[in-house]
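Engineer: Quick one, model_18.cif (mmCIF, C-alpha atoms):
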data_query
#
loop_
_atom_site.label_atom_id
_atom_site.label_comp_id
_atom_site.auth_asym_id
_atom_site.auth_seq_id
_atom_site.Cartn_x
_atom_site.Cartn_y
_atom_site.Cartn_z
CA MET A 1083 -44.87 -199.85 72.21
CA ALA A 1084 -46.14 -197.97 75.26
CA ARG A 1085 -42.77 -196.27 75.62
CA LEU A 1086 -42.80 -195.24 71.96
CA VAL A 1087 -46.28 -193.73 72.24
CA GLN A 1088 -45.48 -191.85 75.44
CA HIS A 1089 -42.16 -190.59 74.06
CA THR A 1090 -43.81 -189.33 70.89
CA LEU A 1091 -46.61 -187.61 72.83
CA THR A 1092 -44.08 -185.90 75.06
CA THR A 1093 -42.12 -184.65 72.08
CA LEU A 1094 -45.25 -183.37 70.41
CA ALA A 1095 -46.15 -181.52 73.58
CA LEU A 1096 -42.76 -179.88 73.64
CA ALA A 1097 -43.34 -178.96 70.02
CA GLY A 1098 -46.41 -176.95 70.93
CA ALA A 1099 -49.14 -179.57 70.65
CA LEU A 1100 -50.22 -178.79 74.24
CA LEU A 1101 -50.51 -182.43 75.17
CA THR A 1102 -48.68 -182.03 78.46
CA GLY A 1103 -48.65 -178.28 78.98
CA VAL A 1104 -44.85 -178.12 78.75
CA THR A 1105 -43.43 -175.18 76.83
CA PRO A 1106 -40.15 -175.53 74.91
CA ALA A 1107 -37.26 -173.68 76.48
CA ILE A 1108 -35.64 -170.77 74.66
CA ALA A 1109 -31.90 -171.31 74.52
CA ALA A 1110 -30.79 -167.83 73.57
CA PRO A 1111 -31.52 -164.80 75.77
CA SER A 1112 -32.98 -161.82 73.94
CA ALA A 1113 -29.63 -160.02 74.05
CA ALA A 1114 -28.08 -162.82 71.99
CA ALA A 1115 -30.92 -163.38 69.50
CA LEU A 1116 -29.96 -162.57 65.92
CA SER A 1117 -31.70 -159.75 64.10
CA PRO A 1118 -33.67 -160.51 60.92
CA GLN A 1119 -30.70 -159.46 58.78
CA GLN A 1120 -28.25 -161.48 60.87
CA SER A 1121 -30.61 -164.45 60.67
CA ARG A 1122 -30.60 -164.27 56.88
CA GLU A 1123 -26.82 -164.11 56.87
CA PHE A 1124 -26.60 -167.00 59.31
CA ARG A 1125 -28.89 -169.16 57.17
CA ALA A 1126 -26.70 -168.48 54.13
CA TRP A 1127 -23.55 -169.51 56.01
CA PHE A 1128 -25.21 -172.49 57.69
CA THR A 1129 -26.49 -174.03 54.46
CA LEU A 1130 -23.20 -173.27 52.69
CA ILE A 1131 -21.21 -175.09 55.36
CA VAL A 1132 -23.56 -178.09 55.30
CA ALA A 1133 -23.30 -178.17 51.50
CA GLU A 1134 -19.49 -178.13 51.77
CA GLN A 1135 -19.62 -181.24 53.98
CA LEU A 1136 -21.57 -182.92 51.20
CA ARG A 1137 -19.18 -181.67 48.55
CA HIS A 1138 -15.82 -182.36 50.19
CA GLY A 1139 -16.67 -184.72 53.04
CA PRO A 1140 -16.63 -184.00 56.78
CA ASN A 1141 -14.26 -181.29 57.93
CA PRO A 1142 -11.45 -182.59 60.19
CA ARG A 1143 -12.63 -180.16 62.91
CA TRP A 1144 -16.04 -181.83 62.97
CA ASN A 1145 -16.19 -184.25 65.89
CA HIS A 1146 -19.13 -186.52 66.86
CA ARG A 1147 -20.18 -187.20 63.29
CA ASP A 1148 -23.89 -187.85 63.39
CA CYS A 1149 -27.04 -185.88 62.57
CA ALA A 1150 -26.84 -183.66 65.68
CA GLY A 1151 -23.09 -183.25 65.30
CA LEU A 1152 -23.61 -181.85 61.80
CA VAL A 1153 -25.98 -179.21 63.17
CA ARG A 1154 -23.64 -178.26 66.02
CA PHE A 1155 -20.64 -178.04 63.70
CA ALA A 1156 -22.43 -175.97 61.06
CA VAL A 1157 -23.76 -173.57 63.72
CA ALA A 1158 -20.29 -173.09 65.23
CA GLU A 1159 -18.67 -172.54 61.84
CA SER A 1160 -21.40 -170.11 60.76
CA LEU A 1161 -20.94 -167.92 63.84
CA ARG A 1162 -17.15 -167.68 63.66
CA ARG A 1163 -15.04 -165.14 61.78
CA HIS A 1164 -14.39 -166.32 58.23
CA ASP A 1165 -10.96 -164.76 57.71
CA ALA A 1166 -8.49 -165.53 54.94
CA THR A 1167 -7.05 -168.50 56.81
CA TRP A 1168 -10.51 -170.01 57.35
CA ARG A 1169 -11.44 -169.49 53.70
CA ARG A 1170 -8.21 -171.09 52.51
CA ASP A 1171 -8.51 -174.04 54.88
CA ASN A 1172 -12.06 -174.64 53.68
CA ALA A 1173 -11.28 -174.23 49.96
CA LEU A 1174 -13.55 -171.19 49.77
CA SER A 1175 -11.04 -168.52 48.76
CA ARG A 1176 -12.21 -168.21 45.17
CA GLN A 1177 -15.98 -168.12 45.37
CA PRO A 1178 -18.53 -165.52 46.50
CA LEU A 1179 -19.47 -165.89 50.14
CA PRO A 1180 -22.35 -164.58 52.25
CA PRO A 1181 -21.91 -161.31 54.13
CA GLU A 1182 -19.94 -161.63 57.34
CA LEU A 1183 -22.05 -161.62 60.49
CA ASP A 1184 -21.32 -158.63 62.70
CA LEU A 1185 -21.95 -160.22 66.09
CA THR A 1186 -22.09 -158.73 69.54
CA ARG A 1187 -20.14 -160.39 72.35
CA ALA A 1188 -23.33 -162.09 73.58
CA GLN A 1189 -24.11 -163.38 70.09
CA ASP A 1190 -20.58 -164.64 69.58
CA ALA A 1191 -20.95 -166.65 72.80
CA LEU A 1192 -23.69 -168.72 71.12
CA ARG A 1193 -20.97 -170.89 69.58
CA GLY A 1194 -20.87 -174.17 71.45
CA HIS A 1195 -23.38 -172.91 74.03
CA TRP A 1196 -26.24 -175.39 74.01
CA ARG A 1197 -28.85 -175.70 76.71
CA HIS A 1198 -28.97 -179.17 78.26
CA ILE A 1199 -32.07 -181.11 79.22
CA GLY A 1200 -32.46 -180.65 82.96
CA GLY A 1201 -30.44 -177.42 83.07
CA GLY A 1202 -26.99 -176.13 82.32
CA PHE A 1203 -25.11 -175.41 79.12
CA GLY A 1204 -22.30 -177.06 77.18
CA ALA A 1205 -20.73 -177.74 73.81
CA PHE A 1206 -22.64 -181.01 73.30
CA ALA A 1207 -26.36 -181.47 72.68
CA SER A 1208 -28.18 -184.53 71.39
CA ALA A 1209 -30.75 -184.37 68.62
CA TYR A 1210 -33.50 -184.41 71.24
CA ALA A 1211 -31.87 -181.60 73.25
CA LEU A 1212 -31.36 -179.53 70.10
CA VAL A 1213 -35.09 -179.42 69.41
CA GLN A 1214 -36.44 -179.50 72.98
CA GLU A 1215 -34.13 -176.95 74.56
CA ASN A 1216 -32.55 -175.01 71.70
CA SER A 1217 -35.19 -174.69 68.99
CA ARG A 1218 -38.82 -173.67 68.62
CA TYR A 1219 -41.55 -175.62 66.90
CA ILE A 1220 -42.76 -174.26 63.56
CA SER A 1221 -45.14 -176.77 61.97
CA ARG A 1222 -45.63 -180.34 60.83
CA ASP A 1223 -46.06 -178.94 57.32
CA VAL A 1224 -42.65 -178.86 55.61
CA ASN A 1225 -43.91 -176.09 53.33
CA GLN A 1226 -43.37 -173.84 56.35
CA ALA A 1227 -39.66 -174.71 56.53
CA ARG A 1228 -36.98 -172.18 55.66
CA PRO A 1229 -33.37 -172.97 54.71
CA GLY A 1230 -31.51 -174.02 57.84
CA ASP A 1231 -34.58 -175.33 59.66
CA LEU A 1232 -34.52 -178.80 61.19
CA LEU A 1233 -36.79 -181.77 60.49
CA PHE A 1234 -37.11 -183.93 63.61
CA PHE A 1235 -38.02 -187.62 63.57
CA ASP A 1236 -38.65 -189.69 66.70
CA GLN A 1237 -38.32 -193.47 66.40
CA GLY A 1238 -38.75 -194.15 70.12
CA GLN A 1239 -35.27 -195.42 70.91
CA ASP A 1240 -33.59 -193.02 68.48
CA GLN A 1241 -34.16 -189.48 67.29
CA HIS A 1242 -32.92 -188.04 64.02
CA LEU A 1243 -32.44 -184.59 62.52
CA MET A 1244 -32.42 -183.55 58.88
CA ILE A 1245 -31.65 -180.06 57.57
CA TRP A 1246 -33.94 -178.27 55.15
CA MET A 1247 -31.62 -176.70 52.56
CA GLY A 1248 -34.26 -174.94 50.47
CA ASN A 1249 -34.31 -177.16 47.39
CA TYR A 1250 -33.18 -180.39 49.05
CA ILE A 1251 -32.61 -182.03 52.44
CA ALA A 1252 -29.23 -182.88 53.97
CA TYR A 1253 -28.23 -185.04 56.92
CA HIS A 1254 -25.61 -187.38 58.34
CA ASP A 1255 -26.81 -190.93 58.80
CA GLY A 1256 -24.69 -191.54 61.91
CA SER A 1257 -22.29 -194.01 60.33
CA ALA A 1258 -19.02 -193.88 58.42
CA ARG A 1259 -17.51 -196.66 56.37
CA ARG A 1260 -14.74 -196.98 53.82
CA GLY A 1261 -15.95 -195.09 50.78
CA ASP A 1262 -19.01 -193.70 52.61
CA ASN A 1263 -18.67 -190.71 54.95
CA GLY A 1264 -22.31 -190.81 56.08
CA MET A 1265 -23.39 -187.55 54.42
CA ARG A 1266 -26.67 -187.69 52.51
CA ALA A 1267 -28.63 -185.34 50.23
CA ILE A 1268 -32.15 -186.12 49.11
CA SER A 1269 -34.96 -184.22 47.44
CA ALA A 1270 -38.21 -183.59 49.27
CA GLN A 1271 -40.03 -185.66 46.66
CA GLN A 1272 -37.73 -188.61 47.31
CA LEU A 1273 -38.26 -188.36 51.05
CA PHE A 1274 -42.04 -188.11 50.70
CA THR A 1275 -41.99 -191.37 48.75
CA TRP A 1276 -39.34 -193.12 50.87
CA ARG A 1277 -39.99 -196.86 51.09
CA ASP A 1278 -39.65 -196.84 54.89
CA VAL A 1279 -42.68 -194.67 55.68
CA ARG A 1280 -41.33 -193.80 59.14
CA TRP A 1281 -39.05 -191.26 57.43
CA GLN A 1282 -41.69 -189.55 55.34
CA PRO A 1283 -42.22 -185.96 56.61
CA ARG A 1284 -45.98 -186.21 56.46
CA ILE A 1285 -48.55 -184.83 58.89
CA ASP A 1286 -50.07 -188.32 59.22
CA ASN A 1287 -46.71 -189.91 60.12
CA PRO A 1288 -46.47 -190.15 63.94
CA ASN A 1289 -42.68 -190.53 63.69
CA PHE A 1290 -42.33 -187.10 62.06
CA ILE A 1291 -42.54 -184.57 64.88
CA GLY A 1292 -42.19 -181.49 62.70
CA VAL A 1293 -40.12 -178.54 61.56
CA PHE A 1294 -38.03 -176.75 64.18
CA ARG A 1295 -36.08 -173.48 64.04
CA LEU A 1296 -33.01 -172.64 66.10
CA SER A 1297 -34.08 -170.42 68.99
CA PHE A 1298 -31.63 -167.60 68.35
CA LEU A 1299 -32.98 -166.95 64.82
CA SER A 1300 -35.66 -164.37 64.12
CA ARG A 1301 -38.85 -165.72 62.63
#
Would it be possible to restate this file's structure as structure tokens?

Structural biologist:
Amino acid sequence: MARLVQHTLTTLALAGALLTGVTPAIAAPSAAALSPQQSREFRAWFTLIVAEQLRHGPNPRWNHRDCAGLVRFAVAESLRRHDATWRRDNALSRQPLPPELDLTRAQDALRGHWRHIGGGFGAFASAYALVQENSRYISRDVNQARPGDLLFFDQGQDQHLMIWMGNYIAYHDGSARRGDNGMRAISAQQLFTWRDVRWQPRIDNPNFIGVFRLSFLSR
């Protein structure tokens, strides 16, 4: 219990609660941060790619299939060039798509470039590292969430991310079984009334740390 309390307090501090005086790191240098227009385009691609994982099942290129892996995959796919081959391979050749992001070299390098806890960068980042080192805290009020923002839950031994899609919430539950690929979609109303109250995104739920936004996005 003591470890759970301390872990939650530390996470809240990193989220801006000023309990320890630690400030969350900013993963993307200013030269790589997306402009407001690019951020809108990124959000459109990001939520589309997440929705496609729900619709068709996990893409074969998606490794490490868990909640954090879904975020990393969707970010990487959003920031790449979506040429005719990509659209065909993803069964997206015949539907309207968001505008293509016109990225600088520094922005293009954001793909697979996650800041690690303790320093350094790499292609892998846990759920905790994604929010602590690569995102900024927005609020514990989900009404402040925008499409593509992350909901972070801390259960002491385990941390979990969900993605705010605008009119519903998507996530991977970390498991895969025959007939169940682990992808989940749920309405905000369903989550607020979830039987296991640890997963309710309420201000009075100590397991819900809050809404986080990827560092390279404009506010």

Engineer: What's around Gln1119 (chain A) at 12 Å? Count only C-alpha atoms, leave out sequence neighbours fewer than 6 positions away in its own chain, and write the answer as a ChimeraX atom specification.

Structural biologist: /A:1125-1126,1180-1185,1299-1301

Engineer: Mind giving me the straight-line distance from CA of Trp1276 (chain A) to CA of Phe1155 (chain A) in Å, one decimal?

Structural biologist: 27.2 Å

Engineer: Report as a list in words the full result of the PyMOL selection byres ((chain A and resi 1163) around 12) when it is applied to this structure.

Structural biologist: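 Selected by the PyMOL selection byres ((chain A and resi 1163) around 12) here: Phe1124, Trp1127, Ala1158, Glu1159, Ser1160, Leu1161, Arg1162, His1164, Asp1165, Ala1166, Thr1167, Trp1168, Arg1169, Pro1181, Glu1182, Leu1183, Asp1184, Leu1185, Asp1190 and Arg1193 of chain A.
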
Engineer: Figure out the distance between CA of Gln1120 (chain A) and CA of Gln1177 (chain A), please, to one decimal in Å.

Structural biologist: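 One can read the CA of Gln1177 (chain A) to CA of Gln1120 (chain A) distance as 20.9 Å.
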
Engineer: How many Å lie between CA of Gln1241 (chain A) and CA of Ser1121 (chain A), rounded to one decimal?

Structural biologist: 26.1 Å

Engineer: Which one of A:Ala1270, A:Leu1152, A:Ala1133, A:Ala1191 sits closest to Phe1298 (chain A) if you count all atoms listed in the file?

Structural biologist: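 Nearest candidate to Phe1298 (chain A) out of A:Ala1270, A:Leu1152, A:Ala1133, A:Ala1191: A:Ala1191.
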
Engineer: Check what the PyMOL selection byres ((chain A and resi 1209) around 8) selects in the file above and give those residues as a PyMOL selection string.

Structural biologist: chain A and resi 1149-1150+1207-1208+1210-1213+1241-1243

Engineer: Just C-alpha atoms for this one: save the residues we selected as a PDB file, keeping the file's coordinate frame.

Structural biologist:
ATOM      1  CA  CYS A1149     -27.040-185.880  62.570  1.00  0.00           C
ATOM      2  CA  ALA A1150     -26.840-183.660  65.680  1.00  0.00           C
ATOM      3  CA  ALA A1207     -26.360-181.470  72.680  1.00  0.00           C
ATOM      4  CA  SER A1208     -28.180-184.530  71.390  1.00  0.00           C
ATOM      5  CA  TYR A1210     -33.500-184.410  71.240  1.00  0.00           C
ATOM      6  CA  ALA A1211     -31.870-181.600  73.250  1.00  0.00           C
ATOM      7  CA  LEU A1212     -31.360-179.530  70.100  1.00  0.00           C
ATOM      8  CA  VAL A1213     -35.090-179.420  69.410  1.00  0.00           C
ATOM      9  CA  GLN A1241     -34.160-189.480  67.290  1.00  0.00           C
ATOM     10  CA  HIS A1242     -32.920-188.040  64.020  1.00  0.00           C
ATOM     11  CA  LEU A1243     -32.440-184.590  62.520  1.00  0.00           C
TER      12      LEU A1243
END

Engineer: Which is closest to Gly1194 (chain A) among A:Arg1154, A:Arg1122, A:Arg1266, A:His1146, if we use only C-alpha atoms?

Structural biologist: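 That would be A:Arg1154, the residue with the smallest distance to Gly1194 (chain A).
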
Engineer: Using only C-alpha atoms, which protein or nucleic acid residues come within 12 Å of region 1137-1145 of chain A? Drop anything in the same chain fewer than 4 positions from it, and give the result as a VMD selection string.

Structural biologist: chain A and resid 1130 to 1133 1149 to 1159 1168 1171 to 1174 1205 to 1206 1252 to 1254 1256 1258 1261 to 1267

Engineer: Find the residues around Leu1273 (chain A) up to 12 Å (all atoms listed in the file counted), leave out those fewer than 3 positions away in its own chain, and share them as a list in words.

Structural biologist: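 Residues near the query, excluding close chain neighbours: Val1224, Leu1233, Met1244, Trp1246, Tyr1250, Ile1251, Ala1252, Arg1266, Ala1267, Ile1268, Ser1269, Ala1270, Trp1276, Arg1277, Asp1278, Val1279, Arg1280, Trp1281, Gln1282, Pro1283, Arg1284 and Phe1290 of chain A.
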
Engineer: Given all atoms listed in the file as the basis, pick out the residue of A:Pro1178, A:Pro1118, A:Pro1229, A:Gly1202 nearest to Phe1294 (chain A).

Structural biologist: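 Using all atoms listed in the file, the shortest distance to Phe1294 (chain A) belongs to A:Pro1229.
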
Engineer: Choose the residue, out of A:Gly1200, A:Gly1238, A:Gly1230, A:Gly1292, that has the smallest atom-to-atom separation from Phe1128 (chain A); count all atoms listed in the file.

Structural biologist: A:Gly1230
